[in-house]
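Asker: This is the structure I have questions about; it appears just below.
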Amino acid sequence: MNSHLSTKILNGYSTAFRQWRALHSHCKFIHGYALKFKITFSGKLDDKNWVCDFGSFKRNGIKEHMSYMFDHTTIVAKDDPELAFFQIMDKKGLIQLRILDHVGCEKFAEYVFSYINSIISKETNNRVLVEKVECFEGDTNNSAIFKSENHNKSKISMQNNEMILNESKDKKNKIKNIFKKASTINIY
């Protein structure tokens, strides 16, 4: 089965995080990067000879969600022993807290892969799938790649990447409406 590939780079996300388990490393401290994501799509061409209509990212909420998750935010793991402290800072308006199962470039690449694939595959009736996502740490030479070994196995449920959104009820409802297009996402 022949397919084409196309890539989209999403960048400009100033994100702070810490890897609390990295006790041997300075990565245990809060630090940040200008994150960039390179998403590779595969699939059959549509009637416009495109693999993926990147213009749909605004309509389907991908752009807004990526900004919500990664632009001027602090991301911590749900099992971070200092989570309560981060939640206090969030309530005081000192940070915009996002909580994921795990943090780091490898896990951010996996998160973006799962999120975008759930929307694009549904929107295109599986004509287009995410092949891989590469997450870059700013202008460093460091990146991490998450790719599908088998697209049937790659339909990772966002339930494995539960998000706890710490926003007002109106913001939660707005975000929930965006996610109705991706039925496997749970928002708390």
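Labeling convention for the structure tokens: chains A, B, ... as they appear, residues from 1 per chain, ligands from 1 in order of appearance.
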Would you give me, as a Markdown table, each residue of range 84-130 of chain A having an atom within 6 Å of an atom of range 38-59 of chain A, along with its shortest atom pair and that distance in Å to one decimal, using only C-alpha atoms and sorting by chain and residue number?
Answerer:
```
| residue | atom | partner | partner_atom | distance |
| --- | --- | --- | --- | --- |
| A:Arg127 | CA | A:Gly43 | CA | 5.5 |
| A:Val128 | CA | A:Gly43 | CA | 4.5 |
| A:Leu129 | CA | A:Ser42 | CA | 5.6 |
| A:Val130 | CA | A:Phe41 | CA | 4.5 |
```
Asker: Selected residues, N, CA and C atoms, written as a tab-separated table (two decimals), in the first residue's frame, please.
Answerer:
```tsv
chain	number	residue	atom	x	y	z
A	127	ARG	N	-7.75	7.82	6.94
A	127	ARG	CA	-6.98	8.04	5.71
A	127	ARG	C	-5.60	8.59	6.06
A	128	VAL	N	-5.54	9.41	7.13
A	128	VAL	CA	-4.29	10.03	7.56
A	128	VAL	C	-4.02	9.60	9.00
A	129	LEU	N	-2.77	9.23	9.25
A	129	LEU	CA	-2.34	8.88	10.59
A	129	LEU	C	-1.04	9.61	10.90
A	130	VAL	N	-0.79	9.84	12.17
A	130	VAL	CA	0.49	10.40	12.56
A	130	VAL	C	1.51	9.26	12.51
```
Asker: Which residues, written as an NGL selection string, have at least one atom at most 9 Å from Cys105 in chain A, with only C-alpha atoms counted and residues fewer than 4 positions away on the same chain left out?
Answerer: :A and (35 or 109-110 or 134-137 or 142-145)
Asker: Kindly export the residues of the current selection with C-alpha atoms, as a short mmCIF file (atom, residue, chain, number, x, y, z; two decimals), in the first residue's frame.
Answerer:
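Printed below is selection-v7.cif as written:
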```
data_model
loop_
_atom_site.label_atom_id
_atom_site.label_comp_id
_atom_site.auth_asym_id
_atom_site.auth_seq_id
_atom_site.Cartn_x
_atom_site.Cartn_y
_atom_site.Cartn_z
CA LEU A 35 9.68 23.47 22.62
CA ALA A 109 6.38 13.67 21.89
CA GLU A 110 4.22 10.69 22.86
CA GLU A 134 9.80 14.73 17.21
CA CYS A 135 10.06 17.10 20.19
CA PHE A 136 12.99 19.53 20.21
CA GLU A 137 14.37 21.28 23.31
CA ASN A 142 18.47 17.44 21.69
CA SER A 143 15.26 15.92 20.47
CA ALA A 144 13.12 12.90 21.22
CA ILE A 145 11.02 10.95 18.75
#
```
Asker: If we count only C-alpha atoms and set the cut-off at 10 Å, which residues sit around range 92-104 of chain A, ignoring sequence neighbours fewer than 2 positions away in its own chain? Please answer as a PyMOL selection string.
Answerer: chain A and resi 15-20+27+68-80+83+86-90+106-111+135+137+144+160-167
Asker: Near Gly138 in chain A, within 10 Å and counting only C-alpha atoms, which residues show up once chain neighbours fewer than 6 positions away are dropped, as a list of chain:residue names?
Answerer: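 After dropping sequence-adjacent residues, the list is A:Asn11, A:Gly12, A:Tyr13, A:Ser14, A:Thr15, A:Gly32, A:Tyr33, A:Ala34, A:Leu35, A:Lys36.
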